[in-house]
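Q: Sharing a structure below in structure tokens format, with a few things to ask.
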Amino acid sequence: MSRRPSFRPSAPSHRAPAGSGYWLYGQHAAAAALANPHRHIHEILVTKEALATLEGQRVPLRVPPHLVERGRLDQLCERDAVHQGVALRVEPLTPPALEDVLERSGPVLVLDQVTDPRNIGAILRSAAAFGAAALLVQDRNAPQESGAMAKAASGALDVVPVLREVNLARALAALQNAGLWVVGLDAGGVRLDGAAYAERRVTLVLGAEGAGLRRLTRESCDEIASVYMPGNMESLNVSNAAAVALYELARPL
């Protein structure tokens, strides 16, 4: 995964009270959080084996780690979490301003009421892999940053900025005013062809599984497109659809 500039966290400069933040787990997620100098780390819990792995990768341990048994991490993390022997108690990252995001290169991803944190994490991972500038979600209909999201993102949560907007239609209008071409991804649209956007910067909008794009969101798009699927499946999981669409936009012409 390519490294990108970090962004500021929501935590104040002084140490937050005990019990604040959330548990972020998994070696890739933990390494990316520790490498982000603006991510506020409260504490590091790690097994002896996982600590040796992090030290071998020269991951900066910005607070003294506490050695624990795996059972302690099993208790702290979400049920069936694959923590890989490491968990950090961290503060969520503050969403950057839209104008700051637009200074970054690449397409902007917008999610219309996608609520599964693992899907959002997987979309972030694809966004990092294919050079997306940011991910924008509707504030009241999207989950908060969490350990499950960070684990699914495999480090991308500290690489790709996540914006939260109250009014999605207004946010799309702001992106259009900034010169981006807003493409809604939905069944029945024209075939998504990366070559058609060679001279335009794209905002790619994806809807919730099952419901798809809401009417107002569809009406706010410049066009509706769908990924090419020659097989006999009608649709893809939203995170898979995002990965295919991002590849189509990024592939060499």
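Residue numbering restarts at 1 in every chain; chains get A, B, ... in the order shown in the structure tokens, and ligands count up from 1 in that same order.
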Select from stretch 155-212 of chain A every residue with an atom at most 7 Å from any atom of stretch 119-131 of chain A, then for each give the shortest pair of atoms and their distance in Å to one decimal, using only C-alpha atoms, rows by chain and rising number, as a Markdown table.

A:
| residue | atom | partner | partner_atom | distance |
| --- | --- | --- | --- | --- |
| A:Ala156 | CA | A:Arg125 | CA | 5.2 |
| A:Leu157 | CA | A:Leu124 | CA | 6.6 |
| A:Val159 | CA | A:Ala128 | CA | 6.8 |
| A:Val160 | CA | A:Ala128 | CA | 6.2 |

Q: Please produce a file of those selected residues containing N, CA and C atoms, as a short mmCIF file (atom, residue, chain, number, x, y, z; two decimals), in the first residue's frame.

A:
data_model
loop_
_atom_site.label_atom_id
_atom_site.label_comp_id
_atom_site.auth_asym_id
_atom_site.auth_seq_id
_atom_site.Cartn_x
_atom_site.Cartn_y
_atom_site.Cartn_z
N ALA A 156 -5.84 1.04 5.84
CA ALA A 156 -6.29 2.14 4.97
C ALA A 156 -7.04 3.22 5.73
N LEU A 157 -7.54 2.93 6.93
CA LEU A 157 -8.25 3.94 7.71
C LEU A 157 -7.33 5.10 8.08
N VAL A 159 -4.88 6.00 6.06
CA VAL A 159 -4.31 6.43 4.79
C VAL A 159 -5.30 7.26 3.98
N VAL A 160 -6.56 6.82 3.94
CA VAL A 160 -7.59 7.50 3.15
C VAL A 160 -8.49 8.31 4.08
#

Q: Report as JSON lines: every residue of stretch 156-201 of chain A with an atom at most 8 Å from stretch 89-96 of chain A, its closest pair of atoms, and their distance in Å to one decimal, counting only C-alpha atoms, with rows sorted by chain and ascending residue number.

A:
{"residue": "A:Pro161", "atom": "CA", "partner": "A:Pro95", "partner_atom": "CA", "distance": 6.7}
{"residue": "A:Val162", "atom": "CA", "partner": "A:Pro95", "partner_atom": "CA", "distance": 5.7}
{"residue": "A:Leu163", "atom": "CA", "partner": "A:Pro95", "partner_atom": "CA", "distance": 4.8}
{"residue": "A:Arg164", "atom": "CA", "partner": "A:Pro95", "partner_atom": "CA", "distance": 6.6}

Q: Export, as a PDB file, in the first residue's frame, the selected residues with C-alpha atoms.

A:
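Result written to part.pdb:
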ATOM      1  CA  PRO A 161      -9.436  10.432   4.793  1.00  0.00           C
ATOM      2  CA  VAL A 162     -13.101   9.825   5.688  1.00  0.00           C
ATOM      3  CA  LEU A 163     -15.441  12.819   5.487  1.00  0.00           C
ATOM      4  CA  ARG A 164     -18.828  12.895   7.199  1.00  0.00           C
TER       5      ARG A 164
END

Q: For A:Ser220, which residue out of A:Leu253, A:Ala245, A:Ala169, A:Ala208 is the nearest one, using only C-alpha atoms?

A: A:Ala169

Q: Give me, as number ranges by chain, the residues of stretch 180-235 of chain A that a backbone DSSP run labels alpha helix (DSSP H).

A: A: 215-220

Q: Please determine, counting only C-alpha atoms, which residue among A:Leu236, A:Ile41, A:Val46, A:Leu249 has the shortest atom-to-atom distance to A:Gly207.

A: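 So, comparing all the options, the nearest one is A:Leu236.
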
Q: Calculated over only C-alpha atoms, which of the candidates A:Trp181, A:Tyr22, A:Tyr247, A:Tyr228 has the smallest distance to A:Glu199?

A: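 Of A:Trp181, A:Tyr22, A:Tyr247, A:Tyr228, the one nearest A:Glu199, counting only C-alpha atoms, is A:Trp181.
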
Q: Compile the contact shell of A:Val166 as a list in words: residues with an atom at most 10 Å away, counting only C-alpha atoms, same-chain residues fewer than 4 positions apart removed.

A: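 Selected residues are Val137, Gln138, Asp139, Arg140, Asn141, Arg170 and Ala171 of chain A.
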
Q: Skipping near chain neighbours, those fewer than 2 positions away, what residues fall within 10 Å of stretch 53-56 of chain A using only C-alpha atoms, listed as an MDAnalysis selection string?

A: chainID A and resid 27:28 30:31 46:51 58:61 85:86

Q: Include N, CA, C and O atoms and write out the residues we just selected as an mmCIF file, in the first residue's frame.

A:
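Saved as out20.cif:
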data_model
loop_
_atom_site.group_PDB
_atom_site.id
_atom_site.type_symbol
_atom_site.label_atom_id
_atom_site.label_comp_id
_atom_site.auth_asym_id
_atom_site.auth_seq_id
_atom_site.Cartn_x
_atom_site.Cartn_y
_atom_site.Cartn_z
ATOM 1 N N GLN A 27 -2.574 -6.465 13.009
ATOM 2 C CA GLN A 27 -1.227 -5.942 12.824
ATOM 3 C C GLN A 27 -1.138 -4.859 11.757
ATOM 4 O O GLN A 27 -0.445 -3.854 11.943
ATOM 5 N N HIS A 28 -1.838 -5.011 10.633
ATOM 6 C CA HIS A 28 -1.771 -3.974 9.593
ATOM 7 C C HIS A 28 -2.430 -2.682 10.068
ATOM 8 O O HIS A 28 -1.882 -1.590 9.866
ATOM 9 N N ALA A 30 -2.891 -1.711 13.181
ATOM 10 C CA ALA A 30 -2.097 -1.138 14.266
ATOM 11 C C ALA A 30 -0.846 -0.460 13.729
ATOM 12 O O ALA A 30 -0.489 0.650 14.159
ATOM 13 N N ALA A 31 -0.161 -1.114 12.787
ATOM 14 C CA ALA A 31 1.059 -0.531 12.235
ATOM 15 C C ALA A 31 0.772 0.796 11.540
ATOM 16 O O ALA A 31 1.532 1.760 11.676
ATOM 17 N N VAL A 46 -0.067 -5.851 23.625
ATOM 18 C CA VAL A 46 0.527 -6.699 22.602
ATOM 19 C C VAL A 46 1.082 -7.974 23.224
ATOM 20 O O VAL A 46 1.546 -7.971 24.362
ATOM 21 N N THR A 47 0.981 -9.066 22.500
ATOM 22 C CA THR A 47 1.617 -10.297 22.953
ATOM 23 C C THR A 47 3.107 -10.235 22.632
ATOM 24 O O THR A 47 3.556 -9.417 21.813
ATOM 25 N N LYS A 48 3.875 -11.106 23.259
ATOM 26 C CA LYS A 48 5.321 -11.125 23.043
ATOM 27 C C LYS A 48 5.642 -11.374 21.576
ATOM 28 O O LYS A 48 6.520 -10.724 21.000
ATOM 29 N N GLU A 49 4.921 -12.301 20.955
ATOM 30 C CA GLU A 49 5.193 -12.643 19.555
ATOM 31 C C GLU A 49 4.858 -11.473 18.629
ATOM 32 O O GLU A 49 5.609 -11.165 17.694
ATOM 33 N N ALA A 50 3.712 -10.840 18.870
ATOM 34 C CA ALA A 50 3.315 -9.722 18.019
ATOM 35 C C ALA A 50 4.251 -8.533 18.191
ATOM 36 O O ALA A 50 4.541 -7.809 17.229
ATOM 37 N N LEU A 51 4.741 -8.322 19.409
ATOM 38 C CA LEU A 51 5.687 -7.226 19.642
ATOM 39 C C LEU A 51 6.957 -7.445 18.832
ATOM 40 O O LEU A 51 7.488 -6.503 18.228
ATOM 41 N N ARG A 58 10.025 -2.421 12.272
ATOM 42 C CA ARG A 58 10.422 -1.067 12.680
ATOM 43 C C ARG A 58 9.237 -0.120 12.771
ATOM 44 O O ARG A 58 9.321 1.059 12.407
ATOM 45 N N VAL A 59 8.132 -0.651 13.252
ATOM 46 C CA VAL A 59 6.955 0.186 13.491
ATOM 47 C C VAL A 59 7.218 1.057 14.708
ATOM 48 O O VAL A 59 7.647 0.543 15.749
ATOM 49 N N PRO A 60 6.996 2.374 14.629
ATOM 50 C CA PRO A 60 7.263 3.238 15.789
ATOM 51 C C PRO A 60 6.257 2.998 16.918
ATOM 52 O O PRO A 60 5.062 3.209 16.743
ATOM 53 N N LEU A 61 6.747 2.561 18.069
ATOM 54 C CA LEU A 61 5.885 2.351 19.235
ATOM 55 C C LEU A 61 5.893 3.649 20.039
ATOM 56 O O LEU A 61 6.794 3.895 20.843
ATOM 57 N N GLY A 85 -2.770 -10.553 18.009
ATOM 58 C CA GLY A 85 -1.880 -10.299 19.133
ATOM 59 C C GLY A 85 -1.608 -8.849 19.453
ATOM 60 O O GLY A 85 -0.726 -8.554 20.276
ATOM 61 N N VAL A 86 -2.345 -7.915 18.852
ATOM 62 C CA VAL A 86 -2.099 -6.501 19.134
ATOM 63 C C VAL A 86 -3.407 -5.712 19.131
ATOM 64 O O VAL A 86 -4.288 -5.953 18.295
#

Q: Between A:Leu185, A:Ala148, A:Leu136, A:Val101, which is the closest to A:Ala87 once you count only C-alpha atoms?

A: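 Residue with the minimum atom-to-atom distance to A:Ala87: A:Ala148.
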
Q: Restricting the calculation to only C-alpha atoms: of A:Pro64, A:Gly26, A:Pro252, A:Gly210, which residue gets closest to A:Gln84?

A: A:Gly26

Q: Any chance you could list, as a ChimeraX atom specification, the residues in stretch 54-250 of chain A that come up strand (DSSP E) when DSSP is run on the backbone?

A: /A:65-67,86-90,108-112,134-138,162-165,181-191,202-207,223-226

Q: What does the distance between atom CA of A:Asp100 and atom CA of A:Leu34 come to in Å, to one decimal place?

A: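 Calculated distance between atom CA of A:Asp100 and atom CA of A:Leu34 is 22.9 Å.
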
Q: One number please: atom CA of A:Trp23 to atom CA of A:Leu88, in Å, one decimal.

A: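 Spanning atom CA of A:Trp23 to atom CA of A:Leu88 is a straight-line distance of 5.5 Å.
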
Q: One decimal, in Å: what's the spacing between atom CA of A:Ala211 and atom CA of A:Asn237?

A: 12.1 Å
